[in-house]
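**Q** Handing you a structure now.
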Amino acid sequence: MEIKVLGTGCSKCKSLEKATKEAVEKTGVNATITKVEDIVEIMNFGVMTTPALVVNGEIVVKGRVPSVDEIAKLLSK
């Protein structure tokens, strides 16, 4: 599973990255987590409000920080 955390480095972006790592540990999913901070690359995903979470190329969350449990549910689908 490929997970990308899109965000320029603000506190919400860091919170999403931390929560995503916790959710991956909690679920035991085999995943690679990448932090994308380049604004051009973020815009290439069509994201205008960060943070955003991309799982296997699909945007699953944008503009907010979901809970660890919510991320775990998204990863289990």
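Starting from 1 in every chain, residues are counted up; chains themselves are A, B, ... following the order of the structure tokens, and ligands are numbered from 1 as listed.
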Quick check for you: according to DSSP on this backbone, which residues of chain A are classed as strand (DSSP E or B)? Reply as number ranges by chain.

**A** A: 2-6, 32-36, 52-55, 58-62

**Q** At a cut-off of 6 Å, using only C-alpha atoms, what residues contact region 13-21 of chain A? Leave out same-chain residues fewer than 4 positions from it and give the result as a list in words.

**A**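 After dropping sequence-adjacent residues, the list is Gly7, Gly9, Pro51, Val65 and Val68 of chain A.
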
**Q** I'd like to know which of A:Ala72, A:Asn44, A:Lys77, A:Glu2 is closest to Thr27 (chain A), using only C-alpha atoms.

**A**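 Of all the options, A:Ala72 lies closest to Thr27 (chain A).
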
**Q** Please, which residues of region 3-67 of chain A, numbered as in this document, come out alpha helix (DSSP H) from DSSP, as a PyMOL selection string?

**A** chain A and resi 11-27+39-44

**Q** If you keep N, CA and C atoms, can you produce a file of those selected residues as a PDB file, in the first residue's frame?

**A**
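Contents of the output file part-v9.pdb:
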```
ATOM      1  N   SER A  11       1.238  22.682  11.100  1.00  0.00           N
ATOM      2  CA  SER A  11       0.980  21.793  12.240  1.00  0.00           C
ATOM      3  C   SER A  11      -0.076  20.739  11.914  1.00  0.00           C
ATOM      4  N   LYS A  12      -1.093  21.092  11.131  1.00  0.00           N
ATOM      5  CA  LYS A  12      -2.118  20.102  10.758  1.00  0.00           C
ATOM      6  C   LYS A  12      -1.516  19.008   9.882  1.00  0.00           C
ATOM      7  N   CYS A  13      -0.613  19.410   8.992  1.00  0.00           N
ATOM      8  CA  CYS A  13       0.036  18.437   8.111  1.00  0.00           C
ATOM      9  C   CYS A  13       0.875  17.456   8.927  1.00  0.00           C
ATOM     10  N   LYS A  14       1.589  17.974   9.919  1.00  0.00           N
ATOM     11  CA  LYS A  14       2.401  17.123  10.793  1.00  0.00           C
ATOM     12  C   LYS A  14       1.519  16.207  11.630  1.00  0.00           C
ATOM     13  N   SER A  15       0.378  16.719  12.071  1.00  0.00           N
ATOM     14  CA  SER A  15      -0.566  15.905  12.846  1.00  0.00           C
ATOM     15  C   SER A  15      -1.108  14.758  11.998  1.00  0.00           C
ATOM     16  N   LEU A  16      -1.414  15.039  10.728  1.00  0.00           N
ATOM     17  CA  LEU A  16      -1.928  13.998   9.835  1.00  0.00           C
ATOM     18  C   LEU A  16      -0.855  12.934   9.597  1.00  0.00           C
ATOM     19  N   GLU A  17       0.376  13.351   9.420  1.00  0.00           N
ATOM     20  CA  GLU A  17       1.462  12.392   9.204  1.00  0.00           C
ATOM     21  C   GLU A  17       1.608  11.487  10.434  1.00  0.00           C
ATOM     22  N   LYS A  18       1.591  12.072  11.618  1.00  0.00           N
ATOM     23  CA  LYS A  18       1.728  11.311  12.870  1.00  0.00           C
ATOM     24  C   LYS A  18       0.553  10.336  13.033  1.00  0.00           C
ATOM     25  N   ALA A  19      -0.672  10.818  12.800  1.00  0.00           N
ATOM     26  CA  ALA A  19      -1.864   9.966  12.935  1.00  0.00           C
ATOM     27  C   ALA A  19      -1.835   8.824  11.921  1.00  0.00           C
ATOM     28  N   THR A  20      -1.349   9.108  10.719  1.00  0.00           N
ATOM     29  CA  THR A  20      -1.272   8.073   9.679  1.00  0.00           C
ATOM     30  C   THR A  20      -0.290   6.986  10.096  1.00  0.00           C
ATOM     31  N   LYS A  21       0.853   7.378  10.620  1.00  0.00           N
ATOM     32  CA  LYS A  21       1.840   6.392  11.091  1.00  0.00           C
ATOM     33  C   LYS A  21       1.259   5.542  12.213  1.00  0.00           C
ATOM     34  N   GLU A  22       0.526   6.173  13.129  1.00  0.00           N
ATOM     35  CA  GLU A  22      -0.110   5.428  14.227  1.00  0.00           C
ATOM     36  C   GLU A  22      -1.149   4.447  13.692  1.00  0.00           C
ATOM     37  N   ALA A  23      -1.919   4.876  12.696  1.00  0.00           N
ATOM     38  CA  ALA A  23      -2.964   4.013  12.125  1.00  0.00           C
ATOM     39  C   ALA A  23      -2.346   2.817  11.402  1.00  0.00           C
ATOM     40  N   VAL A  24      -1.234   3.030  10.715  1.00  0.00           N
ATOM     41  CA  VAL A  24      -0.550   1.927  10.032  1.00  0.00           C
ATOM     42  C   VAL A  24      -0.032   0.926  11.060  1.00  0.00           C
ATOM     43  N   GLU A  25       0.551   1.420  12.145  1.00  0.00           N
ATOM     44  CA  GLU A  25       1.022   0.527  13.204  1.00  0.00           C
ATOM     45  C   GLU A  25      -0.135  -0.241  13.830  1.00  0.00           C
ATOM     46  N   LYS A  26      -1.231   0.463  14.071  1.00  0.00           N
ATOM     47  CA  LYS A  26      -2.403  -0.133  14.720  1.00  0.00           C
ATOM     48  C   LYS A  26      -3.011  -1.253  13.871  1.00  0.00           C
ATOM     49  N   THR A  27      -3.108  -1.026  12.564  1.00  0.00           N
ATOM     50  CA  THR A  27      -3.739  -2.003  11.677  1.00  0.00           C
ATOM     51  C   THR A  27      -2.786  -3.082  11.204  1.00  0.00           C
ATOM     52  N   ILE A  39       4.520  22.088  -3.323  1.00  0.00           N
ATOM     53  CA  ILE A  39       3.187  22.634  -3.625  1.00  0.00           C
ATOM     54  C   ILE A  39       2.731  22.279  -5.042  1.00  0.00           C
ATOM     55  N   VAL A  40       3.655  22.223  -5.990  1.00  0.00           N
ATOM     56  CA  VAL A  40       3.286  21.867  -7.365  1.00  0.00           C
ATOM     57  C   VAL A  40       2.803  20.423  -7.427  1.00  0.00           C
ATOM     58  N   GLU A  41       3.520  19.537  -6.737  1.00  0.00           N
ATOM     59  CA  GLU A  41       3.123  18.127  -6.710  1.00  0.00           C
ATOM     60  C   GLU A  41       1.766  17.956  -6.011  1.00  0.00           C
ATOM     61  N   ILE A  42       1.549  18.720  -4.938  1.00  0.00           N
ATOM     62  CA  ILE A  42       0.264  18.674  -4.235  1.00  0.00           C
ATOM     63  C   ILE A  42      -0.861  19.140  -5.177  1.00  0.00           C
ATOM     64  N   MET A  43      -0.613  20.219  -5.900  1.00  0.00           N
ATOM     65  CA  MET A  43      -1.632  20.736  -6.833  1.00  0.00           C
ATOM     66  C   MET A  43      -1.887  19.765  -7.978  1.00  0.00           C
ATOM     67  N   ASN A  44      -0.886  18.958  -8.346  1.00  0.00           N
ATOM     68  CA  ASN A  44      -1.086  17.952  -9.395  1.00  0.00           C
ATOM     69  C   ASN A  44      -2.109  16.901  -8.990  1.00  0.00           C
TER      70      ASN A  44
END
```

**Q** Identify, on the basis of only C-alpha atoms, every residue whose closest approach to Thr32 (chain A) does not exceed 9 Å; exclude the query and any residue fewer than 4 positions from it along the same chain; express the result as a list in words.

**A**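 Result of the neighbour search: Met1, Glu2, Ile3 and Lys4 of chain A.
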
**Q** CA of Cys10 (chain A) and CA of Lys62 (chain A), how far apart in Å?

**A**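 Spanning CA of Lys62 (chain A) to CA of Cys10 (chain A) is a straight-line distance of 14.1 Å.
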
**Q** From the set A:Leu74, A:Val61, A:Val36, A:Ala31, which residue has the shortest atom-to-atom contact distance to Thr49 (chain A), counting only C-alpha atoms?

**A**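 Distance minimum relative to Thr49 (chain A) lands on A:Val61.
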
**Q** Closest to Thr34 (chain A) among A:Ile59, A:Val54, A:Met48, A:Leu75, using only C-alpha atoms?

**A**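 Distance minimum relative to Thr34 (chain A) lands on A:Val54.
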
**Q** What separation in Å, quoted to one decimal, exists between CA of Ile33 (chain A) and CA of Val5 (chain A)?

**A** 7.3 Å
